[in-house]
Amino acid sequence: MSFSFHLDAGSGNARTGRLLTPHAEIETPVFMPVGTAASVKAVSQDILEELTAQIILGNTYHLYLRPGVDIVRKVGGLHGFMSWRRAILTDSGGFQVFSLNELRKVTEEGVTFRSHLDGSSHFFSPESAMEAQIGLGADIIMAFDECTEYPADAARARASMEMTARWAARSKKYFEEHKHEVPWGRSSVPSPQYSVPERGDAASLPSENCVRTKSGTFVLSTQYCPAQSLFGIIQGGMDRALRKESAARTIEIGFPGYAIGGLSVGEPRELTREIVESTLEYLPKDQPRYLMGVGTPEEIVEYASLGVDMMDCVLPTRAARHGLLFTSEGKVSIKQARYAQDPGPLDPNCSCRVCFRYSRAYLRHLYASNEVLAQVLNTIHNLSFYLDTMRRVRHSISLGEESRFLSTVRSRPKP
RNA sequence: GCACAGGUGGGUGAGUGGUUAAAGCCAACAGACUGUAAAUCUGUCCCUCCUAGCGAGGUACGAAGGUUCGAAUCCUUCCCUGUGCA
């Protein structure tokens, strides 16, 4: 078994579980901070560890353009390169096909696109996207898909979904033939001189290839599972029938996990929820389900309650850099003048190092002064809030309190 | 004292006879942000009024006068700032 997912507890449609990847055992539902260019913007890896981030994202498109897959591979894959010993998931670049729409041309074979960095021309196909992701060496990699734009008419959504399905088959085929090329365990992997204690524990990891299990023991990463896993992606636009068909076709190809893609692309939030809910019905109950690109704190709680196991979103990190902070009392735009003399903590109910130490007045000053520290502290808080929220969700589900937890979220007035 | 160069909206700084309540940038204020082309983007930013519009008045380019149909722009005097020479 090169990959495994164990369900632990369930409450309604919600469930908790453990996802075993080469570099970490991940407790689900999990929120995955986004670190597009091998960096969760503004936050260092040791702080991410302290925040208990279990898995972070990287982006194939960005890393392929810079520094280049070869460089990353030679420096030990993404884990070695960015000195992150826990799990990593790379997105295939499919989303960039969508978001860089002015710079690309899509055909059956793949996507020709212009680099946003220097305008140079490149080509991604399911095969080359797999090759790149194998070279980057994330624990979980994603099939090369086309994120269908919104709105899309019926014909367009169908054609797009069908192409994603064909690309999924090609992705899998290439992956199965080349997955042994993953860069782990090579002698070229540098051996870091640092040792970082885990949170609440003075013990250091013996080496970067070691991880700590839930039970507290150190294990060589390859004992978890020796290989990368490739997830398939469901598309189908906002059409339930297409989503169902996409799920069936993707499942038929066969993946160890399934992602719901093509959402949070501009559609109304209510529609997002509706499509998520209906798509989940068609996904295997005993495999991880990854909802790509969501959401607000309220939304990730809600999606977890619907049975989503994995989520990622740039919102906490980007919003933080823009001065929007998520707290137990709602959103705080720390740039507002009203906080200029506020001596209180950002979130009185938060125990993160930012809320523990700094006042709103100071955070507002840092932001207004354009200090880099503003980005750092704001991001730490937002990620802390997200990861904390998910921890509470897991706890509630394991206690069978899913519905109660959710009700506190649902009772909030909608804007 | 003399000679130059200047004085523009919170700041900086364009504009040197009419489409100028006055560019751009900054500051300030508000909003957006959902598999990251994002330390980004958008809006407001003299006052008053309303039927809220590329609406109507008022005030404004150091001060006061003047020329002109019309002046931030031209002229006169004064005030102030900088530089140089005594």
# chains A, B, ... in the order shown; residues from 1 in each chain; ligands from 1
$ closest_atom_pairs --of "chain B" --to "chain A" --cutoff "6 Å" --atoms "only C-alpha atoms (C1' of nucleotides)" --output "tab-separated table"
residue	atom	partner	partner_atom	distance
B:U34	C1'	A:Gly295	CA	4.7
B:G35	C1'	A:Gly293	CA	4.5
B:A37	C1'	A:His116	CA	5.6
$ atom_distance --atom1 "atom CA of A:Ala165" --atom2 "atom CA of A:Thr250"
6.2 Å
$ atom_distance --atom1 "atom CA of A:Ala143" --atom2 "atom CA of A:Pro126"
7.1 Å
$ residues_around --residues "stretch 25-29 of chain A" --least-positions-apart "5" --cutoff "9 Å" --atoms "only C-alpha atoms (C1' of nucleotides)" --output "count of residues only"
28
$ select_by_dssp --residues "stretch 107-318 of chain A" --states "alpha helix (DSSP H)" --output "PyMOL selection string"
chain A and resi 126-136+154-178+221-224+240-253+269-281+297-306+315-318
$ residues_around --residues "B:U42" --least-positions-apart "4" --cutoff "12 Å" --atoms "only C-alpha atoms (C1' of nucleotides)" --output "PyMOL selection string"
chain B and resi 30-33
$ write_last_selection --atoms "N, CA and C atoms (P, O5', C5', C4', C3', O3' and C1' of nucleotides)" --output "compact mmCIF listing (two decimals), in the first residue's frame"
# COMPACT_ATOMS: atom_id res chain seq x y z
P A B 30 -11.03 54.04 7.70
O5' A B 30 -11.89 53.51 6.46
C5' A B 30 -13.31 53.62 6.48
C4' A B 30 -13.85 53.32 5.11
C3' A B 30 -13.73 51.89 4.62
O3' A B 30 -14.69 51.03 5.21
C1' A B 30 -13.17 53.37 2.87
P G B 31 -14.36 49.47 5.34
O5' G B 31 -14.48 48.94 3.85
C5' G B 31 -15.73 48.94 3.18
C4' G B 31 -15.54 48.57 1.74
C3' G B 31 -14.95 47.20 1.45
O3' G B 31 -15.92 46.18 1.56
C1' G B 31 -13.90 48.79 0.07
P A B 32 -15.45 44.67 1.84
O5' A B 32 -14.76 44.24 0.47
C5' A B 32 -15.54 44.07 -0.70
C4' A B 32 -14.63 43.78 -1.88
C3' A B 32 -13.85 42.48 -1.79
O3' A B 32 -14.64 41.40 -2.25
C1' A B 32 -12.42 44.24 -2.48
P C B 33 -14.41 39.95 -1.55
O5' C B 33 -12.99 39.44 -2.07
C5' C B 33 -12.70 39.30 -3.48
C4' C B 33 -11.19 39.17 -3.61
C3' C B 33 -10.67 37.88 -3.00
O3' C B 33 -9.75 37.24 -3.88
C1' C B 33 -9.59 39.77 -2.03
$ atom_distance --atom1 "atom CA of A:Phe175" --atom2 "atom CA of A:Gln228"
9.3 Å
$ select_by_dssp --residues "stretch 23-69 of chain A" --states "strand (DSSP E or B)" --output "PyMOL selection string"
chain A and resi 24-28+30-34+36+39+55-59
$ write_last_selection --atoms "N, CA and C atoms" --output "PDB file, in the first residue's frame"
ATOM      1  N   ALA A  24       4.372  12.794   6.196  1.00  0.00           N
ATOM      2  CA  ALA A  24       3.596  13.115   7.391  1.00  0.00           C
ATOM      3  C   ALA A  24       2.302  12.338   7.435  1.00  0.00           C
ATOM      4  N   GLU A  25       1.863  12.179   8.644  1.00  0.00           N
ATOM      5  CA  GLU A  25       0.531  11.653   8.853  1.00  0.00           C
ATOM      6  C   GLU A  25      -0.357  12.858   9.114  1.00  0.00           C
ATOM      7  N   ILE A  26      -1.358  13.018   8.291  1.00  0.00           N
ATOM      8  CA  ILE A  26      -2.164  14.234   8.337  1.00  0.00           C
ATOM      9  C   ILE A  26      -3.524  13.955   8.934  1.00  0.00           C
ATOM     10  N   GLU A  27      -3.864  14.753   9.914  1.00  0.00           N
ATOM     11  CA  GLU A  27      -5.192  14.615  10.496  1.00  0.00           C
ATOM     12  C   GLU A  27      -6.177  15.420   9.664  1.00  0.00           C
ATOM     13  N   THR A  28      -7.262  14.783   9.304  1.00  0.00           N
ATOM     14  CA  THR A  28      -8.270  15.466   8.500  1.00  0.00           C
ATOM     15  C   THR A  28      -9.556  15.619   9.294  1.00  0.00           C
ATOM     16  N   VAL A  30      -8.390  18.847   7.020  1.00  0.00           N
ATOM     17  CA  VAL A  30      -7.180  19.650   7.143  1.00  0.00           C
ATOM     18  C   VAL A  30      -7.269  20.886   6.260  1.00  0.00           C
ATOM     19  N   PHE A  31      -6.734  21.979   6.786  1.00  0.00           N
ATOM     20  CA  PHE A  31      -6.579  23.159   5.949  1.00  0.00           C
ATOM     21  C   PHE A  31      -5.113  23.244   5.545  1.00  0.00           C
ATOM     22  N   MET A  32      -4.881  23.459   4.259  1.00  0.00           N
ATOM     23  CA  MET A  32      -3.522  23.473   3.731  1.00  0.00           C
ATOM     24  C   MET A  32      -3.135  24.892   3.299  1.00  0.00           C
ATOM     25  N   PRO A  33      -2.213  25.515   4.015  1.00  0.00           N
ATOM     26  CA  PRO A  33      -1.758  26.855   3.595  1.00  0.00           C
ATOM     27  C   PRO A  33      -1.117  26.781   2.219  1.00  0.00           C
ATOM     28  N   VAL A  34      -1.264  27.836   1.476  1.00  0.00           N
ATOM     29  CA  VAL A  34      -0.730  27.855   0.120  1.00  0.00           C
ATOM     30  C   VAL A  34       0.648  28.519   0.098  1.00  0.00           C
ATOM     31  N   THR A  36       2.728  28.934  -2.858  1.00  0.00           N
ATOM     32  CA  THR A  36       2.884  28.850  -4.315  1.00  0.00           C
ATOM     33  C   THR A  36       4.324  28.650  -4.791  1.00  0.00           C
ATOM     34  N   SER A  39       7.038  28.851  -0.853  1.00  0.00           N
ATOM     35  CA  SER A  39       7.091  29.755   0.283  1.00  0.00           C
ATOM     36  C   SER A  39       5.672  30.170   0.634  1.00  0.00           C
ATOM     37  N   ILE A  55       0.473  20.185   6.194  1.00  0.00           N
ATOM     38  CA  ILE A  55       0.766  20.035   4.772  1.00  0.00           C
ATOM     39  C   ILE A  55       0.570  21.394   4.112  1.00  0.00           C
ATOM     40  N   ILE A  56       1.448  21.716   3.198  1.00  0.00           N
ATOM     41  CA  ILE A  56       1.318  22.990   2.497  1.00  0.00           C
ATOM     42  C   ILE A  56       1.323  22.744   0.990  1.00  0.00           C
ATOM     43  N   LEU A  57       0.882  23.749   0.260  1.00  0.00           N
ATOM     44  CA  LEU A  57       0.820  23.623  -1.192  1.00  0.00           C
ATOM     45  C   LEU A  57       2.008  24.288  -1.874  1.00  0.00           C
ATOM     46  N   GLY A  58       2.351  23.729  -3.010  1.00  0.00           N
ATOM     47  CA  GLY A  58       3.290  24.405  -3.892  1.00  0.00           C
ATOM     48  C   GLY A  58       2.638  24.435  -5.255  1.00  0.00           C
ATOM     49  N   ASN A  59       3.183  25.228  -6.151  1.00  0.00           N
ATOM     50  CA  ASN A  59       2.549  25.322  -7.459  1.00  0.00           C
ATOM     51  C   ASN A  59       3.519  24.977  -8.586  1.00  0.00           C
TER      52      ASN A  59
END
$ residues_around --residues "A:Leu283" --least-positions-apart "5" --cutoff "12 Å" --atoms "only C-alpha atoms (C1' of nucleotides)" --output "NGL selection string"
:A and (232-234 or 243-252 or 254-260 or 276-278 or 288-291 or 307-309)
$ write_last_selection --atoms "N, CA and C atoms" --output "compact mmCIF listing (two decimals), in the first residue's frame"
# COMPACT_ATOMS: atom_id res chain seq x y z
N GLY A 232 -7.06 12.74 -8.61
CA GLY A 232 -7.84 13.18 -9.77
C GLY A 232 -8.67 14.40 -9.40
N ILE A 233 -9.11 15.11 -10.41
CA ILE A 233 -9.89 16.33 -10.18
C ILE A 233 -11.23 16.27 -10.92
N ILE A 234 -12.28 16.55 -10.17
CA ILE A 234 -13.63 16.57 -10.75
C ILE A 234 -13.91 17.97 -11.28
N ARG A 243 -21.22 17.14 -13.07
CA ARG A 243 -20.37 16.82 -11.93
C ARG A 243 -20.43 15.32 -11.65
N LYS A 244 -21.63 14.80 -11.72
CA LYS A 244 -21.81 13.37 -11.48
C LYS A 244 -21.04 12.56 -12.51
N GLU A 245 -21.18 12.97 -13.74
CA GLU A 245 -20.49 12.25 -14.81
C GLU A 245 -18.98 12.37 -14.66
N SER A 246 -18.53 13.57 -14.32
CA SER A 246 -17.10 13.79 -14.14
C SER A 246 -16.57 12.89 -13.02
N ALA A 247 -17.33 12.82 -11.94
CA ALA A 247 -16.92 11.98 -10.81
C ALA A 247 -16.82 10.52 -11.26
N ALA A 248 -17.84 10.07 -11.97
CA ALA A 248 -17.86 8.67 -12.39
C ALA A 248 -16.66 8.35 -13.28
N ARG A 249 -16.40 9.26 -14.21
CA ARG A 249 -15.30 9.00 -15.15
C ARG A 249 -13.95 9.05 -14.45
N THR A 250 -13.83 9.96 -13.52
CA THR A 250 -12.55 10.09 -12.82
C THR A 250 -12.32 8.88 -11.90
N ILE A 251 -13.39 8.47 -11.25
CA ILE A 251 -13.28 7.32 -10.35
C ILE A 251 -12.95 6.05 -11.15
N GLU A 252 -13.50 6.00 -12.33
CA GLU A 252 -13.24 4.83 -13.17
C GLU A 252 -11.75 4.73 -13.52
N GLY A 254 -9.45 5.85 -11.59
CA GLY A 254 -8.92 5.34 -10.34
C GLY A 254 -7.78 6.15 -9.75
N PHE A 255 -8.08 6.83 -8.64
CA PHE A 255 -7.06 7.61 -7.94
C PHE A 255 -7.20 7.36 -6.44
N PRO A 256 -6.14 7.59 -5.70
CA PRO A 256 -6.22 7.40 -4.25
C PRO A 256 -6.96 8.53 -3.54
N GLY A 257 -7.27 9.60 -4.27
CA GLY A 257 -8.01 10.70 -3.66
C GLY A 257 -8.61 11.53 -4.77
N TYR A 258 -9.67 12.28 -4.44
CA TYR A 258 -10.35 13.06 -5.47
C TYR A 258 -10.54 14.50 -5.04
N ALA A 259 -10.30 15.38 -5.97
CA ALA A 259 -10.47 16.80 -5.68
C ALA A 259 -11.68 17.34 -6.42
N ILE A 260 -12.32 18.29 -5.81
CA ILE A 260 -13.40 19.01 -6.48
C ILE A 260 -12.80 20.33 -6.94
N VAL A 276 -20.76 21.60 -4.29
CA VAL A 276 -19.90 20.79 -3.41
C VAL A 276 -20.71 19.65 -2.82
N GLU A 277 -21.86 20.02 -2.30
CA GLU A 277 -22.68 19.04 -1.61
C GLU A 277 -23.09 17.92 -2.57
N SER A 278 -23.49 18.31 -3.76
CA SER A 278 -23.94 17.26 -4.68
C SER A 278 -22.78 16.46 -5.24
N PRO A 288 -9.96 10.17 0.48
CA PRO A 288 -9.93 11.60 0.80
C PRO A 288 -10.57 12.45 -0.30
N ARG A 289 -11.28 13.48 0.13
CA ARG A 289 -11.91 14.41 -0.80
C ARG A 289 -11.35 15.79 -0.52
N TYR A 290 -10.88 16.37 -1.58
CA TYR A 290 -10.14 17.63 -1.48
C TYR A 290 -10.92 18.69 -2.26
N LEU A 291 -11.37 19.70 -1.54
CA LEU A 291 -12.08 20.81 -2.19
C LEU A 291 -11.07 21.92 -2.43
N GLY A 307 -18.39 16.84 4.63
CA GLY A 307 -17.60 15.65 4.34
C GLY A 307 -16.35 15.90 3.54
N VAL A 308 -15.93 17.15 3.43
CA VAL A 308 -14.68 17.46 2.75
C VAL A 308 -13.52 17.20 3.72
N ASP A 309 -12.45 16.61 3.21
CA ASP A 309 -11.32 16.26 4.07
C ASP A 309 -10.14 17.22 3.96
$ residues_around --residues "A:Ala361" --least-positions-apart "6" --cutoff "12 Å" --atoms "only C-alpha atoms (C1' of nucleotides)" --output "list in words"
Ile334, Lys335, Gln336, Ala337, Arg338, Tyr339, Ala340, Gln341, Asp342, Pro343, Gly344, Pro345, Leu346, Cys355, Tyr367, Ala368 and Ala374 of chain A
$ write_last_selection --atoms "N, CA and C atoms" --output "PDB file, in the first residue's frame"
ATOM      1  N   ILE A 334      -7.547  45.705   9.852  1.00  0.00           N
ATOM      2  CA  ILE A 334      -6.642  46.339  10.821  1.00  0.00           C
ATOM      3  C   ILE A 334      -6.139  47.687  10.339  1.00  0.00           C
ATOM      4  N   LYS A 335      -6.369  48.001   9.085  1.00  0.00           N
ATOM      5  CA  LYS A 335      -5.902  49.295   8.584  1.00  0.00           C
ATOM      6  C   LYS A 335      -6.819  50.445   8.985  1.00  0.00           C
ATOM      7  N   GLN A 336      -7.973  50.120   9.492  1.00  0.00           N
ATOM      8  CA  GLN A 336      -8.932  51.171   9.823  1.00  0.00           C
ATOM      9  C   GLN A 336      -8.460  52.080  10.953  1.00  0.00           C
ATOM     10  N   ALA A 337      -8.832  53.358  10.831  1.00  0.00           N
ATOM     11  CA  ALA A 337      -8.409  54.363  11.807  1.00  0.00           C
ATOM     12  C   ALA A 337      -8.924  54.045  13.211  1.00  0.00           C
ATOM     13  N   ARG A 338     -10.024  53.331  13.274  1.00  0.00           N
ATOM     14  CA  ARG A 338     -10.617  53.060  14.585  1.00  0.00           C
ATOM     15  C   ARG A 338      -9.706  52.231  15.492  1.00  0.00           C
ATOM     16  N   TYR A 339      -8.719  51.559  14.914  1.00  0.00           N
ATOM     17  CA  TYR A 339      -7.830  50.737  15.736  1.00  0.00           C
ATOM     18  C   TYR A 339      -6.554  51.462  16.138  1.00  0.00           C
ATOM     19  N   ALA A 340      -6.433  52.722  15.731  1.00  0.00           N
ATOM     20  CA  ALA A 340      -5.175  53.446  15.945  1.00  0.00           C
ATOM     21  C   ALA A 340      -4.771  53.500  17.416  1.00  0.00           C
ATOM     22  N   GLN A 341      -5.741  53.534  18.286  1.00  0.00           N
ATOM     23  CA  GLN A 341      -5.405  53.640  19.713  1.00  0.00           C
ATOM     24  C   GLN A 341      -5.930  52.462  20.516  1.00  0.00           C
ATOM     25  N   ASP A 342      -6.237  51.384  19.820  1.00  0.00           N
ATOM     26  CA  ASP A 342      -6.823  50.217  20.485  1.00  0.00           C
ATOM     27  C   ASP A 342      -5.734  49.368  21.146  1.00  0.00           C
ATOM     28  N   PRO A 343      -5.705  49.342  22.468  1.00  0.00           N
ATOM     29  CA  PRO A 343      -4.635  48.631  23.166  1.00  0.00           C
ATOM     30  C   PRO A 343      -4.865  47.123  23.268  1.00  0.00           C
ATOM     31  N   GLY A 344      -6.064  46.690  22.880  1.00  0.00           N
ATOM     32  CA  GLY A 344      -6.398  45.277  23.064  1.00  0.00           C
ATOM     33  C   GLY A 344      -5.778  44.376  22.026  1.00  0.00           C
ATOM     34  N   PRO A 345      -5.831  43.068  22.292  1.00  0.00           N
ATOM     35  CA  PRO A 345      -5.300  42.109  21.324  1.00  0.00           C
ATOM     36  C   PRO A 345      -6.212  42.023  20.110  1.00  0.00           C
ATOM     37  N   LEU A 346      -5.639  41.587  19.018  1.00  0.00           N
ATOM     38  CA  LEU A 346      -6.410  41.442  17.792  1.00  0.00           C
ATOM     39  C   LEU A 346      -7.645  40.587  18.036  1.00  0.00           C
ATOM     40  N   CYS A 355      -1.566  37.486  18.846  1.00  0.00           N
ATOM     41  CA  CYS A 355      -2.590  37.965  19.773  1.00  0.00           C
ATOM     42  C   CYS A 355      -2.080  37.980  21.211  1.00  0.00           C
ATOM     43  N   TYR A 367       0.961  48.128   9.774  1.00  0.00           N
ATOM     44  CA  TYR A 367       0.354  48.082   8.450  1.00  0.00           C
ATOM     45  C   TYR A 367       0.445  49.454   7.774  1.00  0.00           C
ATOM     46  N   ALA A 368       0.053  50.472   8.518  1.00  0.00           N
ATOM     47  CA  ALA A 368       0.039  51.823   7.959  1.00  0.00           C
ATOM     48  C   ALA A 368       1.447  52.267   7.559  1.00  0.00           C
ATOM     49  N   ALA A 374       4.316  43.698   9.455  1.00  0.00           N
ATOM     50  CA  ALA A 374       2.852  43.648   9.401  1.00  0.00           C
ATOM     51  C   ALA A 374       2.408  42.402   8.642  1.00  0.00           C
TER      52      ALA A 374
END
